[in-house]
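What follows is the content of my_file.txt, which has compact mmCIF, C-alpha atoms and all ligand atoms:
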# COMPACT_ATOMS: atom_id res chain seq x y z
CA MET A 1 83.79 72.92 112.63
CA ALA A 2 87.37 73.40 111.43
CA GLU A 3 90.16 73.28 113.98
CA ILE A 4 91.14 76.56 115.69
CA GLU A 5 94.27 77.94 114.04
CA ARG A 6 96.92 79.65 116.13
CA VAL A 7 97.40 82.37 113.52
CA ILE A 8 95.75 83.19 110.23
CA ILE A 9 97.55 85.59 107.89
CA ILE A 10 95.45 87.47 105.34
CA GLY A 11 97.34 88.78 102.31
CA SER A 12 100.09 87.66 99.97
CA GLY A 13 102.46 90.58 99.42
CA PRO A 14 105.91 90.95 101.03
CA ALA A 15 104.28 91.61 104.44
CA GLY A 16 102.15 88.44 104.40
CA TRP A 17 104.90 86.07 103.23
CA THR A 18 107.47 87.50 105.64
CA ALA A 19 105.00 87.16 108.52
CA ALA A 20 104.41 83.57 107.39
CA ILE A 21 108.14 82.75 107.27
CA TYR A 22 108.62 84.02 110.83
CA ALA A 23 105.41 82.49 112.19
CA ALA A 24 106.18 79.11 110.60
CA ARG A 25 109.71 79.10 111.99
CA ALA A 26 108.22 79.90 115.42
CA ALA A 27 106.15 76.71 115.08
CA LEU A 28 102.83 78.62 114.87
CA LYS A 29 101.79 76.60 111.77
CA PRO A 30 100.34 79.65 109.97
CA LEU A 31 97.45 79.41 107.56
CA LEU A 32 97.69 82.10 104.88
CA PHE A 33 94.92 83.34 102.59
CA GLU A 34 96.60 84.64 99.45
CA GLY A 35 93.49 86.00 97.72
CA ALA A 36 91.20 84.51 95.09
CA ILE A 37 91.94 84.30 91.37
CA ASN A 38 88.94 86.01 89.83
CA GLU A 39 87.94 88.84 87.51
CA LYS A 40 87.37 91.39 90.29
CA ASN A 41 90.85 90.90 91.73
CA ALA A 42 92.37 90.99 88.24
CA GLN A 43 90.57 94.28 87.48
CA GLN A 44 91.58 96.03 90.67
CA GLY A 45 95.13 94.64 90.82
CA THR A 46 94.72 92.45 93.90
CA LEU A 47 95.47 88.99 92.56
CA PRO A 48 97.62 86.70 94.75
CA LEU A 49 101.23 87.85 95.27
CA GLY A 50 100.32 91.51 95.69
CA GLN A 51 101.45 94.71 94.07
CA LEU A 52 104.98 93.62 93.19
CA ALA A 53 103.57 90.93 90.92
CA LEU A 54 102.31 93.81 88.74
CA THR A 55 105.73 95.20 87.99
CA THR A 56 108.84 94.22 86.06
CA GLU A 57 112.30 94.91 87.53
CA VAL A 58 112.70 95.39 91.27
CA GLU A 59 116.02 97.18 91.65
CA ASN A 60 115.80 98.25 95.28
CA PHE A 61 115.04 95.06 97.24
CA PRO A 62 118.28 94.22 99.07
CA GLY A 63 120.11 91.10 97.95
CA PHE A 64 119.33 91.21 94.24
CA PRO A 65 122.01 93.06 92.25
CA PRO A 66 121.87 92.73 88.44
CA GLY A 67 122.79 89.20 87.40
CA ASP A 68 121.40 86.01 85.98
CA LEU A 69 119.16 84.36 88.58
CA SER A 70 117.73 81.71 86.27
CA GLY A 71 119.61 78.74 87.80
CA PHE A 72 118.53 79.72 91.29
CA LEU A 73 114.90 80.24 90.21
CA GLU A 74 114.87 76.84 88.55
CA SER A 75 116.26 75.08 91.61
CA SER A 76 114.21 76.92 94.24
CA LEU A 77 110.75 77.15 92.66
CA PRO A 78 108.56 74.11 92.00
CA GLU A 79 107.91 73.57 88.31
CA ASP A 80 104.19 74.36 88.53
CA ARG A 81 105.04 77.83 89.90
CA ARG A 82 107.53 78.69 87.16
CA GLY A 83 105.41 78.40 84.05
CA TYR A 84 103.91 81.87 84.07
CA LEU A 85 107.08 83.79 84.91
CA PRO A 86 108.40 85.92 82.06
CA PRO A 87 111.73 84.79 80.56
CA HIS A 88 114.52 85.76 82.90
CA GLY A 89 117.08 88.33 81.74
CA LYS A 90 120.21 89.56 83.51
CA HIS A 91 118.45 92.36 85.35
CA GLY A 92 118.46 90.91 88.86
CA VAL A 93 114.98 90.03 90.05
CA SER A 94 111.52 90.83 88.67
CA GLY A 95 108.48 91.51 90.85
CA PRO A 96 106.75 88.17 90.10
CA GLU A 97 110.02 86.26 90.66
CA LEU A 98 110.65 87.93 94.00
CA MET A 99 107.10 87.16 95.14
CA GLU A 100 107.33 83.52 94.04
CA LEU A 101 110.60 83.21 95.97
CA MET A 102 108.99 84.64 99.13
CA ARG A 103 106.01 82.30 98.73
CA ALA A 104 108.27 79.26 98.22
CA GLN A 105 110.27 80.17 101.34
CA ALA A 106 107.08 80.44 103.43
CA VAL A 107 105.74 77.13 102.08
CA HIS A 108 109.13 75.47 102.67
CA PHE A 109 108.79 76.20 106.42
CA GLY A 110 105.29 74.74 106.56
CA THR A 111 102.90 77.62 105.77
CA ARG A 112 99.59 76.31 104.44
CA VAL A 113 98.16 78.47 101.67
CA ILE A 114 94.53 78.87 100.60
CA THR A 115 93.87 80.69 97.33
CA GLU A 116 90.73 82.50 98.48
CA ASP A 117 89.77 85.97 99.75
CA ILE A 118 88.69 86.60 103.30
CA THR A 119 85.39 88.37 102.76
CA GLN A 120 84.14 88.93 106.31
CA VAL A 121 85.56 88.78 109.82
CA ASP A 122 84.18 88.73 113.34
CA PHE A 123 86.77 90.15 115.72
CA SER A 124 84.26 90.76 118.53
CA ARG A 125 85.19 87.57 120.39
CA ARG A 126 87.93 84.96 120.45
CA PRO A 127 88.58 82.71 118.71
CA PHE A 128 88.21 85.14 115.82
CA ARG A 129 85.99 84.00 112.95
CA LEU A 130 86.89 84.55 109.30
CA HIS A 131 84.70 83.84 106.29
CA ALA A 132 86.36 83.01 103.00
CA SER A 133 85.20 83.31 99.40
CA ASN A 134 84.87 79.50 99.26
CA GLY A 135 81.98 79.80 101.74
CA GLU A 136 83.94 78.22 104.61
CA GLU A 137 84.38 79.68 108.09
CA TYR A 138 87.80 79.56 109.77
CA GLN A 139 88.74 80.27 113.40
CA ALA A 140 91.98 81.63 114.83
CA GLN A 141 93.44 82.77 118.10
CA ALA A 142 95.42 85.50 116.36
CA VAL A 143 95.19 87.22 112.97
CA ILE A 144 97.73 89.16 110.94
CA VAL A 145 96.16 91.50 108.39
CA ALA A 146 98.53 92.08 105.44
CA THR A 147 96.08 92.84 102.65
CA GLY A 148 98.02 95.81 101.27
CA ALA A 149 96.69 98.67 99.21
CA ARG A 150 96.22 99.37 95.54
CA ALA A 151 97.38 102.39 93.59
CA ASN A 152 94.63 104.49 92.03
CA TYR A 153 94.77 104.84 88.27
CA LEU A 154 92.84 107.12 85.92
CA GLY A 155 91.06 104.20 84.26
CA LEU A 156 91.99 105.03 80.65
CA PRO A 157 92.48 102.08 78.25
CA SER A 158 95.65 103.75 76.91
CA GLU A 159 97.01 103.99 80.48
CA ASP A 160 96.43 100.26 80.93
CA ARG A 161 98.20 99.50 77.65
CA PHE A 162 101.39 101.22 78.78
CA LYS A 163 101.61 99.99 82.39
CA ASN A 164 105.25 98.97 82.98
CA ARG A 165 106.15 100.56 79.64
CA GLY A 166 106.18 104.16 80.81
CA VAL A 167 103.12 104.29 83.05
CA SER A 168 103.92 103.82 86.74
CA ALA A 169 102.28 104.42 90.09
CA CYS A 170 105.53 104.55 92.04
CA ALA A 171 108.25 107.11 91.29
CA VAL A 172 110.56 105.86 94.06
CA CYS A 173 110.29 102.32 92.65
CA ASP A 174 110.62 103.07 88.95
CA GLY A 175 112.06 106.58 88.57
CA ALA A 176 115.67 105.41 88.25
CA LEU A 177 114.94 102.85 85.50
CA PRO A 178 116.96 103.46 82.31
CA ARG A 179 113.74 104.19 80.38
CA PHE A 180 113.27 107.47 82.29
CA ARG A 181 116.88 108.61 82.75
CA ASN A 182 117.44 112.11 81.29
CA GLN A 183 114.03 112.00 79.66
CA PRO A 184 111.00 114.27 80.23
CA VAL A 185 108.27 112.70 82.39
CA ALA A 186 104.94 113.78 83.88
CA VAL A 187 103.44 113.34 87.34
CA ILE A 188 99.66 113.40 87.64
CA GLY A 189 98.23 114.81 90.88
CA GLY A 190 98.30 117.86 93.08
CA GLY A 191 98.82 116.71 96.67
CA ASP A 192 101.93 116.44 98.81
CA SER A 193 102.83 113.03 97.42
CA ALA A 194 102.57 114.33 93.83
CA VAL A 195 105.06 117.08 94.67
CA GLU A 196 107.29 114.60 96.50
CA GLU A 197 107.25 112.23 93.51
CA ALA A 198 107.93 115.11 91.10
CA THR A 199 110.85 116.32 93.22
CA TYR A 200 112.25 112.79 93.44
CA LEU A 201 112.02 112.39 89.67
CA THR A 202 114.03 115.58 89.03
CA HIS A 203 117.11 113.58 90.15
CA HIS A 204 116.72 111.27 87.14
CA ALA A 205 114.58 112.95 84.49
CA SER A 206 115.52 115.88 82.28
CA LYS A 207 112.24 117.65 83.08
CA VAL A 208 109.14 116.91 85.15
CA TYR A 209 105.68 118.19 84.29
CA LEU A 210 103.24 118.23 87.17
CA VAL A 211 99.74 117.92 85.75
CA HIS A 212 96.95 119.17 87.98
CA ARG A 213 93.27 119.61 87.24
CA ARG A 214 92.91 122.84 89.23
CA ASP A 215 94.70 126.20 89.38
CA THR A 216 96.19 125.61 92.85
CA LEU A 217 97.86 122.55 94.32
CA ARG A 218 96.26 120.65 97.19
CA ALA A 219 99.76 120.21 98.60
CA SER A 220 100.84 122.13 101.70
CA LYS A 221 102.30 125.62 101.25
CA ILE A 222 105.86 124.45 101.82
CA MET A 223 105.50 121.60 99.30
CA THR A 224 103.91 123.94 96.74
CA GLN A 225 106.84 126.31 97.16
CA ARG A 226 109.23 123.41 96.64
CA ALA A 227 107.57 122.59 93.33
CA THR A 228 107.41 126.16 92.03
CA ASP A 229 111.03 126.86 93.05
CA ASN A 230 112.41 123.80 91.28
CA PRO A 231 113.65 124.79 87.81
CA LYS A 232 113.14 121.23 86.52
CA ILE A 233 109.43 121.16 87.45
CA GLU A 234 106.82 122.81 85.24
CA ILE A 235 103.20 122.77 86.36
CA ALA A 236 100.47 122.21 83.78
CA TRP A 237 97.51 123.85 85.53
CA ASN A 238 93.85 123.04 84.87
CA ARG A 239 94.62 119.91 82.87
CA THR A 240 93.56 116.28 82.92
CA VAL A 241 94.95 113.38 80.91
CA ASP A 242 92.87 112.51 77.86
CA GLU A 243 95.11 109.83 76.38
CA VAL A 244 98.50 108.23 76.81
CA LEU A 245 100.30 108.08 73.46
CA GLY A 246 103.03 105.66 72.44
CA ASP A 247 103.87 102.55 70.49
CA ASP A 248 104.92 98.96 71.12
CA GLU A 249 108.59 99.63 70.49
CA ASN A 250 109.08 102.72 72.69
CA GLY A 251 106.28 102.56 75.23
CA VAL A 252 105.00 105.98 76.26
CA THR A 253 106.08 108.85 74.00
CA ALA A 254 103.60 111.59 74.97
CA ILE A 255 100.39 112.39 76.85
CA ARG A 256 97.47 114.38 75.49
CA LEU A 257 95.89 116.70 78.05
CA LYS A 258 92.55 118.43 77.93
CA SER A 259 91.75 121.66 79.65
CA THR A 260 89.35 121.81 82.59
CA VAL A 261 88.57 125.47 81.81
CA GLY A 262 88.69 125.75 78.00
CA ASP A 263 88.68 123.62 74.83
CA ASP A 264 92.34 123.54 73.90
CA ASP A 265 94.27 120.26 73.98
CA LEU A 266 97.94 120.15 74.90
CA THR A 267 100.33 117.34 74.01
CA LEU A 268 103.41 116.88 76.20
CA GLU A 269 106.24 114.77 74.86
CA VAL A 270 107.19 112.57 77.80
CA ARG A 271 108.64 109.06 78.23
CA GLY A 272 106.87 108.44 81.49
CA MET A 273 103.60 109.13 83.27
CA PHE A 274 103.60 108.70 87.05
CA LEU A 275 100.25 108.56 88.85
CA ALA A 276 100.16 110.24 92.25
CA ILE A 277 96.43 110.29 92.85
CA GLY A 278 96.35 108.20 95.98
CA HIS A 279 95.98 104.60 97.05
CA THR A 280 93.03 102.55 98.27
CA PRO A 281 93.78 100.23 101.19
CA ASN A 282 92.21 96.75 100.94
CA THR A 283 90.18 97.07 104.12
CA ASP A 284 86.50 96.94 103.05
CA PHE A 285 86.01 93.64 104.87
CA LEU A 286 87.39 95.14 108.11
CA LYS A 287 84.93 98.03 108.45
CA GLY A 288 83.29 98.03 111.87
CA GLN A 289 85.76 95.37 113.09
CA LEU A 290 89.02 97.29 113.42
CA GLU A 291 89.76 100.95 113.93
CA LEU A 292 90.69 102.49 110.57
CA THR A 293 92.14 105.91 109.75
CA GLU A 294 90.18 108.56 107.86
CA LYS A 295 91.67 107.23 104.62
CA GLY A 296 90.66 103.67 105.49
CA TYR A 297 94.08 102.31 106.56
CA VAL A 298 94.34 100.03 109.58
CA LYS A 299 95.37 102.03 112.64
CA TRP A 300 98.41 100.82 114.57
CA VAL A 301 97.70 101.66 118.19
CA LYS A 302 101.22 101.35 119.73
CA PRO A 303 104.27 103.22 118.41
CA PHE A 304 106.76 100.91 116.63
CA ARG A 305 104.49 97.89 117.13
CA THR A 306 101.96 96.17 114.87
CA HIS A 307 99.08 95.93 117.35
CA THR A 308 95.67 97.10 116.13
CA SER A 309 92.62 98.26 118.08
CA VAL A 310 91.65 94.60 118.70
CA GLU A 311 93.88 92.57 120.99
CA GLY A 312 95.20 89.56 119.07
CA VAL A 313 94.86 91.19 115.64
CA PHE A 314 98.05 92.59 114.13
CA ALA A 315 98.62 94.46 110.86
CA ALA A 316 101.61 94.65 108.54
CA GLY A 317 102.60 96.37 105.33
CA ASP A 318 100.83 98.88 103.12
CA VAL A 319 97.44 98.15 104.70
CA GLY A 320 98.59 100.31 107.61
CA ASP A 321 101.27 102.38 105.91
CA ASP A 322 100.38 105.23 103.58
CA TYR A 323 103.83 106.79 103.92
CA TYR A 324 106.72 104.44 103.01
CA ARG A 325 104.90 101.95 100.76
CA GLN A 326 107.94 99.85 99.80
CA ALA A 327 108.44 96.10 99.58
CA VAL A 328 111.24 96.15 102.11
CA THR A 329 109.25 98.15 104.68
CA ALA A 330 106.23 95.87 104.16
CA ALA A 331 108.45 92.80 104.66
CA ALA A 332 109.97 94.34 107.79
CA SER A 333 106.58 94.98 109.37
CA GLY A 334 105.51 91.44 108.42
CA CYS A 335 108.41 90.18 110.52
CA MET A 336 107.37 92.50 113.37
CA ALA A 337 103.75 91.31 113.20
CA ALA A 338 104.81 87.65 113.45
CA LEU A 339 107.05 88.39 116.44
CA ASP A 340 104.30 90.47 118.10
CA THR A 341 101.85 87.60 117.50
CA GLU A 342 104.21 84.99 118.90
CA ARG A 343 104.84 87.08 122.04
CA TRP A 344 101.15 87.82 122.49
CA LEU A 345 100.20 84.13 122.22
CA ALA A 346 103.00 83.26 124.64
CA SER A 347 101.68 85.86 127.12
CA LEU A 348 98.37 83.97 127.09
CA GLY A 349 100.27 80.77 127.76
CA GLU A 350 99.38 79.42 124.31
C1 LIG A 401 103.56 99.03 89.85
C2 LIG A 401 104.25 98.99 91.20
C3 LIG A 401 105.62 98.85 91.25
C4 LIG A 401 106.26 98.79 92.48
N1 LIG A 401 107.61 98.65 92.51
C5 LIG A 401 108.26 98.57 93.69
C6 LIG A 401 109.67 98.41 93.74
O1 LIG A 401 110.35 98.34 92.70
N2 LIG A 401 110.24 98.32 94.96
C7 LIG A 401 109.53 98.42 96.13
O2 LIG A 401 110.10 98.31 97.22
N3 LIG A 401 108.19 98.58 96.11
C8 LIG A 401 107.55 98.67 94.92
N4 LIG A 401 106.19 98.86 94.90
C9 LIG A 401 105.47 98.97 96.18
C10 LIG A 401 105.32 97.57 96.78
O3 LIG A 401 104.79 96.70 95.80
C11 LIG A 401 104.41 97.61 98.00
O4 LIG A 401 104.91 98.53 98.94
C12 LIG A 401 104.33 96.21 98.64
O5 LIG A 401 103.94 95.25 97.70
C13 LIG A 401 103.34 96.21 99.81
O6 LIG A 401 103.28 94.91 100.30
P1 LIG A 401 102.11 94.36 101.20
O7 LIG A 401 102.54 93.02 101.61
O8 LIG A 401 101.77 95.34 102.25
O9 LIG A 401 100.82 94.25 100.29
P2 LIG A 401 100.49 94.05 98.75
O10 LIG A 401 101.69 93.89 97.91
O11 LIG A 401 99.56 95.17 98.43
O12 LIG A 401 99.72 92.66 98.73
C14 LIG A 401 98.58 92.39 99.43
C15 LIG A 401 97.83 91.30 98.69
O13 LIG A 401 97.02 90.56 99.61
C16 LIG A 401 95.93 89.99 98.90
N5 LIG A 401 94.65 90.34 99.56
C17 LIG A 401 94.05 91.57 99.63
N6 LIG A 401 92.87 91.48 100.25
C18 LIG A 401 92.71 90.19 100.60
C19 LIG A 401 91.68 89.46 101.27
N7 LIG A 401 90.58 90.08 101.72
N8 LIG A 401 91.82 88.14 101.43
C20 LIG A 401 92.93 87.49 100.99
N9 LIG A 401 93.94 88.12 100.34
C21 LIG A 401 93.84 89.46 100.16
C22 LIG A 401 95.93 90.55 97.50
O14 LIG A 401 96.53 89.62 96.63
C23 LIG A 401 96.80 91.79 97.66
O15 LIG A 401 97.37 92.20 96.46
C24 LIG A 401 105.51 98.91 93.69
C25 LIG A 401 104.12 99.05 93.64
C26 LIG A 401 103.49 99.09 92.40
C27 LIG A 401 101.99 99.24 92.36
As structure tokens, the full file:
Amino acid sequence: MAEIERVIIIGSGPAGWTAAIYAARAALKPLLFEGAINEKNAQQGTLPLGQLALTTEVENFPGFPPGDLSGFLESSLPEDRRGYLPPHGKHGVSGPELMELMRAQAVHFGTRVITEDITQVDFSRRPFRLHASNGEEYQAQAVIVATGARANYLGLPSEDRFKNRGVSACAVCDGALPRFRNQPVAVIGGGDSAVEEATYLTHHASKVYLVHRRDTLRASKIMTQRATDNPKIEIAWNRTVDEVLGDDENGVTAIRLKSTVGDDDLTLEVRGMFLAIGHTPNTDFLKGQLELTEKGYVKWVKPFRTHTSVEGVFAAGDVGDDYYRQAVTAAASGCMAALDTERWLASLGE
């Protein structure tokens, strides 16, 4: 039987690595599962290093103004972790670079990393038991769940082709990129977050189409009013996306919509398509073990703390947050989870 770990961290986004940095510096010797490298994780966008590894520029993580980071990357990342990074420009930091830097910092302080998924947990007794995709069982006194969430996409091949070249699942992250400035864009969805994303985009885009498959929005009355009152937002009712159009040089140039009530197609000339059709938290393996919300997110049970429904299990990042969903907020709650873990272990005298 493997030795009982003080803390196991599950997940490898900003929340997981930040929790690891703090836990390692508190001498908790964290063991972190970063996820397995396999076809399923590639398909659903949950390969190691999390959601930020799927994007290009990260312009809003503090500490990385535009500039040439290449010397720093070369000196701070081991050679075997640099090979796959795209060539560095003068943009500041890219998502994969930022995640590699966080990983290197956690490893530097002594975090041990296993490149496997946790597939099953038993939180009914302590030490907690965790089963990994390598078939091994691990035990821990405390666990930090930082498995994140994944954005829902439509599943069109043309959408896949233009990811990071006009197709985005995060308006707050990408809306201010030069590609979209003063250009027409479209938001797909009809809930509160679709209206929020559309409203946010009006600050940067010349026009925002809100594409919804029905003839009324699912958004609340007040949000619906906000969309209909905004002169920059035009709603395309009863429409779904049939194809994203574009080319290698320009990325997205238009989207073709089909009608949900008739036969007529409509082509909108846009430089961006923003998905706002929800997220799926990575919590399947936690069902029946931790209290989850209706949407499947881990429930935090104390205000401004990272405690979950099971004493000794803490959660950080997007796995519990369907509201802010930013790298910096995920990192912040990773720090909180490590401090909560350290204090909880200390309260047990461990
Ligand atoms: C395309 C895109 C662009 C974005 N751009 C920005 C941006 O510019 N700025 C910004 O602040 N935010 C951005 N975001 C949002 C940001 O990426 C997330 O808020 C942040 O990554 C959440 O971090 P996290 O640590 O909670 O989890 P995640 O980043 O979701 O990472 C969790 C990871 O843990 C691993 N994992 C999952 N399940 C298991 C398991 N069972 N066992 C082991 N490992 C597991 C997987 O690798 C998973 O991806 C963007 C998101 C997307 C999708």
Self-check item: Selection within 7 Å of ligand LIG 401 (chain A) by only C-alpha atoms and all ligand atoms, output as a PyMOL selection string
Solution: chain A and resi 10-16+33-36+45-52+54-55+57-61+116-119+146-151+168-170+173-174+282+285+316-319+325-328+330-331
note - CA of His88 in chain A and CA of Gly63 in chain A are separated by 16.9 Å
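From CA of Asp160 in chain A back to CA of Gly262 in chain A, the distance works out to 26.8 Å.
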| task | Within 6 Å of range 215-228 of chain A, counting all atoms listed in the file, which residues show up once you throw out same-chain ones fewer than 2 positions away? Write them as a ChimeraX atom specification, please. | result | /A:190-192,230,237-238
Practice prompt. Name the residues within 12 Å of (100.8, 116.8, 86.4), counting only C-alpha atoms in the file's coordinates, and put them as number ranges by chain.
Written response: A: 185-191, 193-195, 197-198, 207-217, 227, 233-241, 255-258, 268, 270, 272-277
Preceding selection exported with C-alpha atoms as a tab-separated table (two decimals), keeping the file's coordinate frame:
chain	number	residue	atom	x	y	z
A	185	VAL	CA	108.27	112.70	82.39
A	186	ALA	CA	104.94	113.78	83.88
A	187	VAL	CA	103.44	113.34	87.34
A	188	ILE	CA	99.66	113.40	87.64
A	189	GLY	CA	98.23	114.81	90.88
A	190	GLY	CA	98.30	117.86	93.08
A	191	GLY	CA	98.82	116.71	96.67
A	193	SER	CA	102.83	113.03	97.42
A	194	ALA	CA	102.57	114.33	93.83
A	195	VAL	CA	105.06	117.08	94.67
A	197	GLU	CA	107.25	112.23	93.51
A	198	ALA	CA	107.93	115.11	91.10
A	207	LYS	CA	112.24	117.65	83.08
A	208	VAL	CA	109.14	116.91	85.15
A	209	TYR	CA	105.68	118.19	84.29
A	210	LEU	CA	103.24	118.23	87.17
A	211	VAL	CA	99.74	117.92	85.75
A	212	HIS	CA	96.95	119.17	87.98
A	213	ARG	CA	93.27	119.61	87.24
A	214	ARG	CA	92.91	122.84	89.23
A	215	ASP	CA	94.70	126.20	89.38
A	216	THR	CA	96.19	125.61	92.85
A	217	LEU	CA	97.86	122.55	94.32
A	227	ALA	CA	107.57	122.59	93.33
A	233	ILE	CA	109.43	121.16	87.45
A	234	GLU	CA	106.82	122.81	85.24
A	235	ILE	CA	103.20	122.77	86.36
A	236	ALA	CA	100.47	122.21	83.78
A	237	TRP	CA	97.51	123.85	85.53
A	238	ASN	CA	93.85	123.04	84.87
A	239	ARG	CA	94.62	119.91	82.87
A	240	THR	CA	93.56	116.28	82.92
A	241	VAL	CA	94.95	113.38	80.91
A	255	ILE	CA	100.39	112.39	76.85
A	256	ARG	CA	97.47	114.38	75.49
A	257	LEU	CA	95.89	116.70	78.05
A	258	LYS	CA	92.55	118.43	77.93
A	268	LEU	CA	103.41	116.88	76.20
A	270	VAL	CA	107.19	112.57	77.80
A	272	GLY	CA	106.87	108.44	81.49
A	273	MET	CA	103.60	109.13	83.27
A	274	PHE	CA	103.60	108.70	87.05
A	275	LEU	CA	100.25	108.56	88.85
A	276	ALA	CA	100.16	110.24	92.25
A	277	ILE	CA	96.43	110.29	92.85
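The space separating CA of Met99 in chain A from CA of Gln141 in chain A comes to 27.1 Å.
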Pick out the residues sitting within 12 Å of Glu342 in chain A, and hand them over as a VMD selection string; count all atoms listed in the file, and ignore anything fewer than 6 positions along from it in its own chain. chain A and resid 6 to 7 19 to 20 22 to 30 141 to 144 312 to 314 335 to 336 348 to 350
